[in-house]
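To keep things clear, I will list the structure first and then write my remarks on it.
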Amino acid sequence: MSFAMIKELTEKKDKNSNSFLDLIIIGSDKKEYSAKVWRFENNGQFAPNDVVEIEYTLDNYKGKTQLTINSIKKAPDEIIKDFIPQSEHDGKAVFASLLAKVNAFKDAELKKLVSTIMTENRQKLETYPAAFRLHHAVVGGLMLHTASIVEMAEKVCDIYPGVNRELLLSGAILHDTAKIFELKTGKSGLCSGYSVQGNLVGHIVMGVICIDETAKRLNINSEEVTLLEHMVLSHHSEPEYGSPVRPMFVEAQILSSLDALDAAIYEMNTACDNIKVGEFTDRQWALDNRKLYSHGLSSTEHKVNLGD
């Protein structure tokens with residue numbers, strides 16, 4: 001027997017119309033596994049974020065490892081903490097570090113606008129994941145992703161001193177803040193799905209609305225507000241990825257490029273974590289359907305400078 005946490009649960013029918021559960025579970029190693037409970041009617045017994053005790057066998061389905069669960073029952077809720085993947089950096093410490101950078105801005109309007117949005121949403125920003133299934137989908141992942149981009153942005157500014165550092169950092173800090181409205185979280189702190197507004201509007205547009213409404217409330221009407229809104233609108237770069245416009249000035253282009261780079265590195269590291277050195281992963285649909293190779297010459301360490 002072993003313990004696991006249910007991340008996703010779908011009730012389905014097999015070809016003979018027998019009910020079964022199609023699951024994504026998180027094991028004690030905090031990795032995700034595909035699992036099936038055959039010939040099982042749920043009737044509300046189990047739901048995402050439940051911790052369960054399972055007995056299972058390992059199967060190979062189309063070249064992938066899959067768990068067939070032979071018995072399943074509820075486990076005590078208090079052990080949920082053992083199964084929740086979390087950022088290696090505390091979200092509160094990361095938030096405080098980013099806010100300190102903003103409070104040191106020379107541009108008074110950018111400082112006021114960005115710090116207001118941050119502090120008004122502090123509790124959620126400190127703990128939220130950055131995604132449902134993809135990059136940084138862990139507790140505190142939103143702050144880790146944001147801090148990674150901010151640190152890379154500062155390195156870019158060292159190489160290209162003509163870039164407006166405070167505008168770039170403002171865009172980096174705000175580009176994904178509306179994910180706290182787009183995503184729903186359960187008792188585990190992980191994303192359990194999308195809100196109605198998240199499905200219908202999305203974090204890109206909601207982020208622009210947040211900037212616009214906050215700026216009006218603070219009586220800030222400079223062109224920098226429009227520049228920030230464009231950076232949020234264009235940070236996915238391509239229409240097929242959700243951005244209605246492509247980056248039209250250098251700070252917007254840098255943000256878009258760094259956002260894609262940080263997401264790709266995280267996804268590649270996560271995928272290669274689940275295989276042995278010398279092996280290839282399955283095709284990763286979020287990475288242009290590429291197979292990835294684990295050469296064993298690098299590590300998955302993820303470190304951000306918190307200004308200690």
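Residues in the structure tokens are named by chain (A, B, ... in the order shown) and by number from 1 within that chain; ligands are numbered from 1 in the order shown.
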
Could you build a table of the residues in region 265-292 of chain A lying no more than 12 Å from region 138-148 of chain A, giving for each the nearest pair of atoms and their separation in Å rounded to one decimal place, using only C-alpha atoms, ordered by chain and ascending residue number, as a Markdown table?
```
| residue | atom | partner | partner_atom | distance |
| --- | --- | --- | --- | --- |
| A:Ile265 | CA | A:His145 | CA | 10.9 |
| A:Tyr266 | CA | A:His145 | CA | 9.1 |
| A:Glu267 | CA | A:His145 | CA | 11.8 |
| A:Thr270 | CA | A:Val138 | CA | 11.5 |
```

Create the file for the chosen residues now, containing N, CA, C and O atoms and written as a compact mmCIF listing (two decimals), in the first residue's frame.
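Produced file out14.txt, reproduced below:
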```txt
# COMPACT_ATOMS: atom_id res chain seq x y z
N ILE A 265 12.56 26.27 -20.02
CA ILE A 265 13.59 25.65 -19.17
C ILE A 265 12.92 24.82 -18.07
O ILE A 265 13.31 23.68 -17.79
N TYR A 266 11.90 25.39 -17.44
CA TYR A 266 11.22 24.69 -16.36
C TYR A 266 10.56 23.41 -16.86
O TYR A 266 10.68 22.35 -16.24
N GLU A 267 9.88 23.49 -18.00
CA GLU A 267 9.19 22.33 -18.55
C GLU A 267 10.17 21.24 -18.98
O GLU A 267 9.93 20.04 -18.78
N THR A 270 11.55 19.60 -15.81
CA THR A 270 10.53 18.75 -15.18
C THR A 270 10.37 17.45 -15.94
O THR A 270 10.29 16.36 -15.35
```

Quick one: DSSP strand (DSSP E or B) residues in region 68-203 of chain A, as a short mmCIF file (atom, residue, chain, number, x, y, z; two decimals) with N, CA, C and O atoms, in the first residue's frame?
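Here's the written file part_0.cif:
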```cif
data_model
loop_
_atom_site.label_atom_id
_atom_site.label_comp_id
_atom_site.auth_asym_id
_atom_site.auth_seq_id
_atom_site.Cartn_x
_atom_site.Cartn_y
_atom_site.Cartn_z
N THR A 68 -2.30 0.93 -12.42
CA THR A 68 -3.64 0.36 -12.30
C THR A 68 -3.91 0.20 -10.80
O THR A 68 -3.22 -0.57 -10.11
N ILE A 69 -4.86 0.94 -10.31
CA ILE A 69 -5.16 0.94 -8.88
C ILE A 69 -6.16 -0.17 -8.58
O ILE A 69 -7.28 -0.18 -9.12
N ASN A 70 -5.76 -1.09 -7.72
CA ASN A 70 -6.61 -2.24 -7.39
C ASN A 70 -7.49 -1.98 -6.17
O ASN A 70 -8.57 -2.58 -6.04
N SER A 71 -7.02 -1.12 -5.27
CA SER A 71 -7.85 -0.71 -4.14
C SER A 71 -7.52 0.73 -3.79
O SER A 71 -6.38 1.18 -3.94
N ILE A 72 -8.54 1.47 -3.34
CA ILE A 72 -8.36 2.88 -3.04
C ILE A 72 -9.29 3.27 -1.90
O ILE A 72 -10.46 2.85 -1.86
N LYS A 73 -8.75 4.03 -0.93
CA LYS A 73 -9.58 4.52 0.17
C LYS A 73 -9.01 5.85 0.66
O LYS A 73 -7.85 6.17 0.41
N LYS A 74 -9.85 6.62 1.34
CA LYS A 74 -9.44 7.92 1.84
C LYS A 74 -8.34 7.76 2.88
O LYS A 74 -8.34 6.82 3.69
N GLN A 86 6.07 22.14 -4.17
CA GLN A 86 6.20 23.55 -3.83
C GLN A 86 7.47 24.13 -4.44
O GLN A 86 8.44 23.42 -4.70
N VAL A 139 2.93 25.14 -5.70
CA VAL A 139 2.62 26.19 -4.73
C VAL A 139 3.79 27.17 -4.69
O VAL A 139 4.95 26.78 -4.53
N LEU A 183 -7.08 31.38 -12.32
CA LEU A 183 -6.98 30.02 -11.80
C LEU A 183 -7.75 29.85 -10.50
O LEU A 183 -7.84 30.78 -9.69
N LYS A 184 -8.29 28.66 -10.29
CA LYS A 184 -8.90 28.30 -9.03
C LYS A 184 -7.95 27.35 -8.30
O LYS A 184 -7.32 26.50 -8.93
N THR A 185 -7.84 27.50 -6.99
CA THR A 185 -7.01 26.60 -6.21
C THR A 185 -7.86 25.88 -5.17
O THR A 185 -8.85 26.41 -4.67
N CYS A 191 -3.47 24.42 -8.48
CA CYS A 191 -4.57 24.82 -9.34
C CYS A 191 -5.51 23.63 -9.54
O CYS A 191 -5.07 22.53 -9.89
N SER A 192 -6.82 23.89 -9.35
CA SER A 192 -7.81 22.84 -9.53
C SER A 192 -8.66 23.07 -10.77
O SER A 192 -9.57 22.30 -11.06
N GLY A 193 -8.39 24.14 -11.51
CA GLY A 193 -9.15 24.45 -12.70
C GLY A 193 -9.14 25.94 -12.98
O GLY A 193 -8.35 26.69 -12.40
N TYR A 194 -10.03 26.37 -13.87
CA TYR A 194 -10.11 27.77 -14.26
C TYR A 194 -11.43 28.38 -13.80
O TYR A 194 -12.47 27.71 -13.82
#
```

Shell around Leu233 (chain A) at 12 Å using only C-alpha atoms, local window under 5 positions removed, as an mmCIF file with N, CA, C and O atoms, in the first residue's frame:
```cif
data_model
loop_
_atom_site.group_PDB
_atom_site.id
_atom_site.type_symbol
_atom_site.label_atom_id
_atom_site.label_comp_id
_atom_site.auth_asym_id
_atom_site.auth_seq_id
_atom_site.Cartn_x
_atom_site.Cartn_y
_atom_site.Cartn_z
ATOM 1 N N GLY A 171 6.786 45.491 -16.116
ATOM 2 C CA GLY A 171 6.079 44.550 -16.967
ATOM 3 C C GLY A 171 6.305 43.113 -16.535
ATOM 4 O O GLY A 171 5.378 42.285 -16.544
ATOM 5 N N LEU A 174 4.209 42.392 -13.385
ATOM 6 C CA LEU A 174 2.755 42.417 -13.564
ATOM 7 C C LEU A 174 2.231 41.469 -14.632
ATOM 8 O O LEU A 174 1.021 41.236 -14.713
ATOM 9 N N HIS A 175 3.105 40.878 -15.461
ATOM 10 C CA HIS A 175 2.611 40.185 -16.655
ATOM 11 C C HIS A 175 1.676 39.019 -16.351
ATOM 12 O O HIS A 175 0.769 38.730 -17.129
ATOM 13 N N ASP A 176 1.872 38.345 -15.221
ATOM 14 C CA ASP A 176 1.045 37.183 -14.898
ATOM 15 C C ASP A 176 0.220 37.356 -13.628
ATOM 16 O O ASP A 176 -0.368 36.380 -13.142
ATOM 17 N N ALA A 178 -2.639 38.507 -13.016
ATOM 18 C CA ALA A 178 -4.065 38.181 -13.134
ATOM 19 C C ALA A 178 -4.323 36.677 -13.136
ATOM 20 O O ALA A 178 -5.479 36.246 -13.157
ATOM 21 N N GLY A 202 -9.526 35.375 -19.575
ATOM 22 C CA GLY A 202 -8.115 35.001 -19.536
ATOM 23 C C GLY A 202 -7.243 36.018 -18.821
ATOM 24 O O GLY A 202 -7.585 37.194 -18.706
ATOM 25 N N HIS A 203 -6.071 35.545 -18.356
ATOM 26 C CA HIS A 203 -5.235 36.399 -17.506
ATOM 27 C C HIS A 203 -4.608 37.562 -18.260
ATOM 28 O O HIS A 203 -4.304 38.599 -17.649
ATOM 29 N N ILE A 204 -4.421 37.430 -19.562
ATOM 30 C CA ILE A 204 -3.804 38.526 -20.315
ATOM 31 C C ILE A 204 -4.714 39.753 -20.313
ATOM 32 O O ILE A 204 -4.306 40.864 -19.938
ATOM 33 N N VAL A 205 -5.958 39.550 -20.704
ATOM 34 C CA VAL A 205 -6.907 40.678 -20.745
ATOM 35 C C VAL A 205 -7.232 41.152 -19.335
ATOM 36 O O VAL A 205 -7.302 42.367 -19.078
ATOM 37 N N MET A 206 -7.388 40.233 -18.408
ATOM 38 C CA MET A 206 -7.677 40.632 -17.027
ATOM 39 C C MET A 206 -6.522 41.435 -16.441
ATOM 40 O O MET A 206 -6.731 42.357 -15.637
ATOM 41 N N GLY A 207 -5.298 41.091 -16.826
ATOM 42 C CA GLY A 207 -4.141 41.853 -16.353
ATOM 43 C C GLY A 207 -4.162 43.280 -16.854
ATOM 44 O O GLY A 207 -3.838 44.224 -16.115
ATOM 45 N N VAL A 208 -4.545 43.467 -18.111
ATOM 46 C CA VAL A 208 -4.651 44.813 -18.679
ATOM 47 C C VAL A 208 -5.751 45.601 -17.968
ATOM 48 O O VAL A 208 -5.575 46.785 -17.639
ATOM 49 N N ILE A 209 -6.886 44.957 -17.721
ATOM 50 C CA ILE A 209 -7.987 45.623 -17.018
ATOM 51 C C ILE A 209 -7.539 46.059 -15.629
ATOM 52 O O ILE A 209 -7.854 47.177 -15.179
ATOM 53 N N ILE A 211 -4.480 46.791 -14.577
ATOM 54 C CA ILE A 211 -3.583 47.945 -14.702
ATOM 55 C C ILE A 211 -4.381 49.208 -14.993
ATOM 56 O O ILE A 211 -4.168 50.259 -14.371
ATOM 57 N N THR A 226 -0.034 52.841 -20.752
ATOM 58 C CA THR A 226 -0.301 52.179 -22.031
ATOM 59 C C THR A 226 0.830 51.227 -22.401
ATOM 60 O O THR A 226 0.590 50.133 -22.925
ATOM 61 N N LEU A 227 2.068 51.624 -22.138
ATOM 62 C CA LEU A 227 3.205 50.752 -22.430
ATOM 63 C C LEU A 227 3.132 49.470 -21.606
ATOM 64 O O LEU A 227 3.381 48.368 -22.122
ATOM 65 N N LEU A 228 2.794 49.606 -20.333
ATOM 66 C CA LEU A 228 2.654 48.432 -19.470
ATOM 67 C C LEU A 228 1.527 47.524 -19.965
ATOM 68 O O LEU A 228 1.661 46.295 -19.978
ATOM 69 N N GLU A 238 2.488 35.608 -29.779
ATOM 70 C CA GLU A 238 1.762 35.207 -30.985
ATOM 71 C C GLU A 238 0.271 35.071 -30.711
ATOM 72 O O GLU A 238 -0.131 34.631 -29.624
ATOM 73 N N PRO A 239 -0.568 35.413 -31.694
ATOM 74 C CA PRO A 239 -2.022 35.292 -31.513
ATOM 75 C C PRO A 239 -2.459 33.882 -31.115
ATOM 76 O O PRO A 239 -3.365 33.719 -30.292
ATOM 77 N N TYR A 241 -1.028 31.885 -29.271
ATOM 78 C CA TYR A 241 -0.709 31.644 -27.869
ATOM 79 C C TYR A 241 -1.460 32.585 -26.942
ATOM 80 O O TYR A 241 -1.208 32.601 -25.738
ATOM 81 N N GLY A 242 -2.368 33.382 -27.494
ATOM 82 C CA GLY A 242 -3.235 34.210 -26.652
ATOM 83 C C GLY A 242 -2.985 35.691 -26.675
ATOM 84 O O GLY A 242 -3.755 36.458 -26.089
ATOM 85 N N SER A 243 -1.909 36.148 -27.318
ATOM 86 C CA SER A 243 -1.632 37.580 -27.364
ATOM 87 C C SER A 243 -2.296 38.216 -28.587
ATOM 88 O O SER A 243 -2.017 37.800 -29.714
ATOM 89 N N PRO A 244 -3.146 39.220 -28.381
ATOM 90 C CA PRO A 244 -3.805 39.869 -29.523
ATOM 91 C C PRO A 244 -2.873 40.749 -30.340
ATOM 92 O O PRO A 244 -3.179 41.091 -31.482
ATOM 93 N N VAL A 245 -1.731 41.140 -29.757
ATOM 94 C CA VAL A 245 -0.736 41.937 -30.477
ATOM 95 C C VAL A 245 0.642 41.363 -30.208
ATOM 96 O O VAL A 245 0.875 40.710 -29.193
ATOM 97 N N ARG A 246 1.567 41.581 -31.137
ATOM 98 C CA ARG A 246 2.951 41.178 -30.946
ATOM 99 C C ARG A 246 3.733 42.334 -30.318
ATOM 100 O O ARG A 246 3.333 43.494 -30.443
ATOM 101 N N PRO A 247 4.856 42.044 -29.655
ATOM 102 C CA PRO A 247 5.640 43.110 -29.011
ATOM 103 C C PRO A 247 6.062 44.189 -30.010
ATOM 104 O O PRO A 247 6.577 43.887 -31.090
ATOM 105 N N MET A 248 5.859 45.466 -29.626
ATOM 106 C CA MET A 248 6.119 46.577 -30.528
ATOM 107 C C MET A 248 7.195 47.535 -30.030
ATOM 108 O O MET A 248 7.428 48.583 -30.652
ATOM 109 N N ALA A 252 8.994 45.263 -24.347
ATOM 110 C CA ALA A 252 7.954 44.258 -24.548
ATOM 111 C C ALA A 252 8.533 42.992 -25.170
ATOM 112 O O ALA A 252 8.166 41.872 -24.803
ATOM 113 N N GLN A 253 9.462 43.155 -26.116
ATOM 114 C CA GLN A 253 10.090 41.991 -26.756
ATOM 115 C C GLN A 253 10.935 41.205 -25.756
ATOM 116 O O GLN A 253 10.905 39.964 -25.737
ATOM 117 N N LEU A 255 10.548 41.047 -22.488
ATOM 118 C CA LEU A 255 9.648 40.344 -21.570
ATOM 119 C C LEU A 255 9.087 39.081 -22.212
ATOM 120 O O LEU A 255 9.100 38.007 -21.608
ATOM 121 N N SER A 256 8.609 39.206 -23.441
ATOM 122 C CA SER A 256 8.032 38.054 -24.130
ATOM 123 C C SER A 256 9.056 36.935 -24.297
ATOM 124 O O SER A 256 8.757 35.749 -24.061
#
```

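Counting only C-alpha atoms and comparing A:Arg165, A:Lys124, A:Lys155, A:Lys216, the residue that lies closest to Glu182 (chain A) is A:Lys124.
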
Legend entry - Residue contacts of Gln45 (chain A) (12 Å, only C-alpha atoms) excluding same-chain residues fewer than 5 positions away, as a PyMOL selection string: chain A and resi 9+11+21+40+50-52+72-74

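Counting only C-alpha atoms and comparing A:Asn289, A:Thr177, A:Asp77, A:Gly162, the residue that lies closest to Thr119 (chain A) is A:Thr177.
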
Inset, instruction - Return the single residue from A:Lys30, A:Leu110, A:Glu279, A:Leu190 that is closest to Val225 (chain A), with distances computed using only C-alpha atoms. - result: A:Leu110

Legend entry - Counting only C-alpha atoms, the residue of A:Ala108, A:Leu23, A:Val94, A:Ile159 that sits nearest Leu67 (chain A): A:Leu23

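Distance annotation: of A:Pro48, A:Ala263, A:Ala104, A:Arg122, the residue with the minimal separation from Leu287 (chain A) is A:Ala263; atom set is only C-alpha atoms.
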
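The gap separating CA of Gly296 (chain A) from CA of Phe280 (chain A) is 11.7 Å, in Å to one decimal.
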
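Across the structure, CA of Thr300 (chain A) and CA of Glu88 (chain A) are spaced 11.3 Å apart.
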